[in-house]
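Undergrad: Below is a structure I'd like to ask you about.
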Amino acid sequence: MPLVVLAGIVLAALPFLGGSQYLATIGLLTAASALVGQGWNLAGGFGGLTSFGSVMFFGIGAYTAAIIQTRWGINPWFGLPAGAALGGLAGAVVGFAAFRAGLRGSYFALVTLAFAEVFHVLSNSLALTGAGLGITLRLAPGLGNFQFLDRRASYAVMLALLVLATALAHWLRASRFGARLVALRENEDAAQALGIDIVRTKTLAFALSGAVIATAGVVYTQTYLYIDPSIAFSVERSVEMLLVAMIGGPGTVWGPILGAIGLHLVADTAQAWIALPGFAAMLYGVVLLAVIRLLPDGIAGMFRRA
Amino acid sequence: MLEVRGLSKRFGGLQAVRDVDLDVAAGSITALIGPNGAGKTTSFAMIAGFIRPDAGRVALEGRAITALRPDRIAAHGLVRTFQITQPFGGLSVAENIRIGAFLHVAEPAAAMAAARAIGTRLGLGPLLDRPAASLTVAGRKRLELARALATQPRLLLLDEVMAGLNPAEIGEIVGLIREIRTAGVTILLIEHIMQAVASLAERVYVLAEGALIATGSPREIAENPAVIEAYLGHGAAARLARTHSSPFDQAAPHG
């Protein structure tokens, strides 16, 4: 395992060495996938709360960052805590409503999908979010403005957030809260009989997941300086989060990182060879099928068995 | 300790439980018996908060717990086990028990130590690090017991913890239940194995078709004509009276 960690550190540091913007962009995209995957994993992996709509948190984070600076002139760095707070709040509200009603499995997945669509429609029609036009940030590079011309800086921010999210997953695995969440995933009746508050535990987990995923949205806005409804609330991003966690190993600490690397290796390589529109989405489906069939515990499961 | 009054539940056209009164004295072992489909497990589910009763009330140590959520009731000290064992399959045996221990021990390492101690006490010592899904039926029954016990309950509801076990295993579980009671935990159990009921329980309640038909000591119950009829059919009591034996006699151990 120390060898794997060492390899990870070298891999993570690679884009900083040399001045390649291309390498930094790949690093940024992979770290972003790993971050949203880890966010999804906190609830979906550890708690079995399979959400199909977690892109709503990404979008909320992205719009929070855009709105506070363009509409209210607040410093963009404040977008990170504000985005995380609103993402967490959305997770708590949606989670509480769904879990209170006793929704599980595919019913929960569909309700999250519906909520993501509600946010999509709202952002498409409200003046606050710039409706269909979206919001463009004024170009003003600088550390104080949370805008960087060098992709390596964006990558560094994303990487720092990924480290935090992974530390959170690590805490979850070791803590009472995490153990209770896993118990709920394994057997709800037994967990409740042993004194676990189902709604409270699941709601907290979903809120935590929302807060983490929202931070990725904030960094997205600060990197591309533009956000619109179809970018913020795309179903593909929901699928990507789920896929990253499933491929890497749901309910494990390192799974989403392994999953993100694996997915980007496959997807980016394939895209370079075959430039068909929609090919990536098709490939995702094939990869997911293969993983479920061959690696039910993901890439991380392979290491555990070895 | 536990006071149940007028407990009733109807599922569609079926009156599953009708107007059941039940008392469990602190420190006692009380049994709830009856033929299949008599409403025993439904009664348990209502007492433990898993099913909301249509009518009736449940009080634990004088405090009303009727229709509280199961986790709230567990926090008050009443914990049930399941007839069909419900292990957390992906977790180890020790981790399973630790979930119970977490109810009153917040610190993970301390909860794990408590869980391992309880597991060892219940004879799961060599299996503590195995996945719970790999346990045999007897092991799973012990795990149910260990997990419930780890919550430090004052009243344990045991739903057929001996079903599916062989006589040697039953003997061991009977010994464990006695030890648990000696340690200060009051016990209410559902059981089909009369030998175990007779040797464990001070007081027995008999349910048939959702209603209580008898209550008393195991000996009184064994001789009660209504109970014999409920188990063996109409006229059975009269036939048995002619041969001067009760069906429970062969089962009840001597001494």
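Every chain in the structure tokens has a letter given in the order shown (A, B, ...), and although residue numbers restart at 1 in each chain, ligands are simply numbered from 1 in the order shown.
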Just asking: which residues within region 24-255 of chain B are alpha helix (DSSP H) according to DSSP, as a PyMOL selection string?

TA: chain B and resi 40-47+70-75+93-101+108-121+137-150+167-182+194-200+218-222+225-232+236-243

Undergrad: Give me, as a ChimeraX atom specification, all polymer residues having an atom no more than 10 Å from Leu143 (chain B), counting only C-alpha atoms and skipping those fewer than 6 positions away in the same chain.

TA: /B:81,85-87,93-94,96-97,118-119,122-124,128,132,135,137,149

Undergrad: Near chain A, meaning an atom within 10 Å, which residues of chain B appear when counting only C-alpha atoms? Write them as a CSV table (one decimal) with N, CA and C atoms, in the first residue's frame.

TA:
chain,number,residue,atom,x,y,z
B,48,ALA,N,-41.8,-3.2,20.0
B,48,ALA,CA,-40.5,-2.6,19.7
B,48,ALA,C,-40.6,-1.4,18.7
B,49,GLY,N,-41.8,-1.0,18.2
B,49,GLY,CA,-41.9,0.2,17.4
B,49,GLY,C,-41.9,0.0,15.9
B,50,PHE,N,-41.7,-1.3,15.5
B,50,PHE,CA,-41.6,-1.5,14.0
B,50,PHE,C,-43.0,-1.4,13.3
B,69,ARG,N,-40.4,5.5,17.5
B,69,ARG,CA,-39.6,4.9,16.5
B,69,ARG,C,-38.7,3.8,17.2
B,70,PRO,N,-38.4,2.7,16.4
B,70,PRO,CA,-37.6,1.6,17.0
B,70,PRO,C,-36.3,2.1,17.6
B,71,ASP,N,-35.6,3.1,17.0
B,71,ASP,CA,-34.3,3.5,17.5
B,71,ASP,C,-34.5,4.3,18.8
B,72,ARG,N,-35.6,5.0,18.9
B,72,ARG,CA,-35.9,5.7,20.2
B,72,ARG,C,-36.2,4.7,21.3
B,73,ILE,N,-36.9,3.7,21.0
B,73,ILE,CA,-37.2,2.6,22.0
B,73,ILE,C,-36.0,1.9,22.4
B,74,ALA,N,-35.1,1.6,21.4
B,74,ALA,CA,-33.8,1.0,21.7
B,74,ALA,C,-33.0,1.9,22.7
B,75,ALA,N,-33.0,3.2,22.4
B,75,ALA,CA,-32.3,4.1,23.3
B,75,ALA,C,-32.9,4.1,24.7
B,76,HIS,N,-34.2,3.8,24.9
B,76,HIS,CA,-34.8,3.7,26.2
B,76,HIS,C,-34.5,2.3,26.9
B,77,GLY,N,-33.8,1.4,26.2
B,77,GLY,CA,-33.4,0.2,26.8
B,77,GLY,C,-34.1,-1.1,26.4
B,78,LEU,N,-35.0,-1.0,25.4
B,78,LEU,CA,-35.7,-2.2,24.9
B,78,LEU,C,-35.2,-2.5,23.5
B,79,VAL,N,-34.6,-3.7,23.4
B,79,VAL,CA,-34.1,-4.0,22.1
B,79,VAL,C,-34.6,-5.4,21.7
B,80,ARG,N,-34.9,-5.6,20.4
B,80,ARG,CA,-35.4,-6.9,19.9
B,80,ARG,C,-34.4,-7.5,19.0
B,81,THR,N,-34.5,-8.9,18.9
B,81,THR,CA,-33.8,-9.6,17.8
B,81,THR,C,-34.8,-10.0,16.8
B,82,PHE,N,-34.3,-10.5,15.7
B,82,PHE,CA,-35.2,-10.9,14.6
B,82,PHE,C,-35.2,-12.4,14.4
B,85,THR,N,-32.7,-14.0,10.9
B,85,THR,CA,-31.5,-13.2,11.4
B,85,THR,C,-31.2,-12.1,10.3
B,86,GLN,N,-30.8,-11.0,10.8
B,86,GLN,CA,-30.5,-9.8,9.9
B,86,GLN,C,-29.1,-9.3,10.1
B,87,PRO,N,-28.1,-10.1,9.7
B,87,PRO,CA,-26.7,-9.6,9.9
B,87,PRO,C,-26.4,-8.5,8.9
B,88,PHE,N,-25.4,-7.7,9.3
B,88,PHE,CA,-24.8,-6.7,8.3
B,88,PHE,C,-23.8,-7.5,7.5
B,89,GLY,N,-24.3,-8.1,6.4
B,89,GLY,CA,-23.5,-9.1,5.7
B,89,GLY,C,-22.1,-8.7,5.3
B,90,GLY,N,-21.9,-7.5,4.9
B,90,GLY,CA,-20.6,-7.0,4.5
B,90,GLY,C,-19.6,-6.8,5.6
B,91,LEU,N,-20.1,-6.7,6.8
B,91,LEU,CA,-19.2,-6.4,8.0
B,91,LEU,C,-18.7,-7.7,8.7
B,95,GLU,N,-17.5,-6.2,13.9
B,95,GLU,CA,-18.1,-4.9,13.5
B,95,GLU,C,-19.6,-4.9,13.6
B,96,ASN,N,-20.2,-6.1,13.4
B,96,ASN,CA,-21.7,-6.2,13.6
B,96,ASN,C,-22.0,-5.9,15.0
B,97,ILE,N,-21.3,-6.5,15.9
B,97,ILE,CA,-21.6,-6.3,17.4
B,97,ILE,C,-21.3,-4.9,17.8
B,98,ARG,N,-20.3,-4.3,17.2
B,98,ARG,CA,-19.9,-2.9,17.5
B,98,ARG,C,-21.0,-1.9,17.2
B,99,ILE,N,-21.8,-2.2,16.1
B,99,ILE,CA,-22.9,-1.3,15.8
B,99,ILE,C,-23.9,-1.2,17.0
B,100,GLY,N,-24.1,-2.3,17.7
B,100,GLY,CA,-24.9,-2.3,18.9
B,100,GLY,C,-24.2,-1.5,20.0
B,101,ALA,N,-22.9,-1.8,20.2
B,101,ALA,CA,-22.2,-1.1,21.2
B,101,ALA,C,-22.2,0.4,21.1
B,102,PHE,N,-22.3,0.9,19.8
B,102,PHE,CA,-22.2,2.3,19.5
B,102,PHE,C,-23.4,3.1,20.1
B,103,LEU,N,-24.5,2.3,20.5
B,103,LEU,CA,-25.6,3.0,21.1
B,103,LEU,C,-25.2,3.8,22.3
B,104,HIS,N,-24.4,3.2,23.1
B,104,HIS,CA,-24.0,3.9,24.4
B,104,HIS,C,-22.5,4.2,24.5
B,105,VAL,N,-21.7,3.7,23.6
B,105,VAL,CA,-20.3,4.0,23.6
B,105,VAL,C,-19.9,4.7,22.3
B,106,ALA,N,-19.6,6.0,22.4
B,106,ALA,CA,-19.3,6.8,21.2
B,106,ALA,C,-18.0,6.5,20.6
B,107,GLU,N,-17.0,6.2,21.4
B,107,GLU,CA,-15.6,6.2,20.9
B,107,GLU,C,-15.4,4.8,20.2
B,108,PRO,N,-14.9,4.9,18.9
B,108,PRO,CA,-14.9,3.6,18.1
B,108,PRO,C,-14.0,2.5,18.7
B,109,ALA,N,-12.9,2.8,19.3
B,109,ALA,CA,-12.0,1.8,19.8
B,109,ALA,C,-12.6,1.2,21.1
B,111,ALA,N,-15.8,1.0,21.7
B,111,ALA,CA,-17.0,0.3,21.3
B,111,ALA,C,-16.5,-1.1,20.7
B,144,GLU,N,-27.1,-12.3,16.5
B,144,GLU,CA,-28.3,-11.5,16.8
B,144,GLU,C,-28.3,-11.1,18.3
B,147,ARG,N,-25.3,-8.7,19.3
B,147,ARG,CA,-25.6,-7.4,18.8
B,147,ARG,C,-26.6,-6.6,19.7
B,148,ALA,N,-27.7,-7.3,20.1
B,148,ALA,CA,-28.7,-6.8,20.9
B,148,ALA,C,-28.1,-6.5,22.3
B,149,LEU,N,-27.3,-7.4,22.8
B,149,LEU,CA,-26.8,-7.3,24.1
B,149,LEU,C,-25.8,-6.2,24.2
B,150,ALA,N,-25.1,-5.9,23.1
B,150,ALA,CA,-24.1,-4.8,23.1
B,150,ALA,C,-24.7,-3.5,23.3
B,151,THR,N,-26.0,-3.3,23.1
B,151,THR,CA,-26.7,-2.0,23.2
B,151,THR,C,-26.9,-1.8,24.7
B,153,PRO,N,-29.1,-3.4,26.9
B,153,PRO,CA,-30.5,-3.2,27.1
B,153,PRO,C,-30.9,-3.6,28.5

Undergrad: Pick from B:Leu2, B:Ala110, B:Ala146, B:Ala237: nearest to Ser28 (chain B), with only C-alpha atoms counted?

TA: B:Leu2
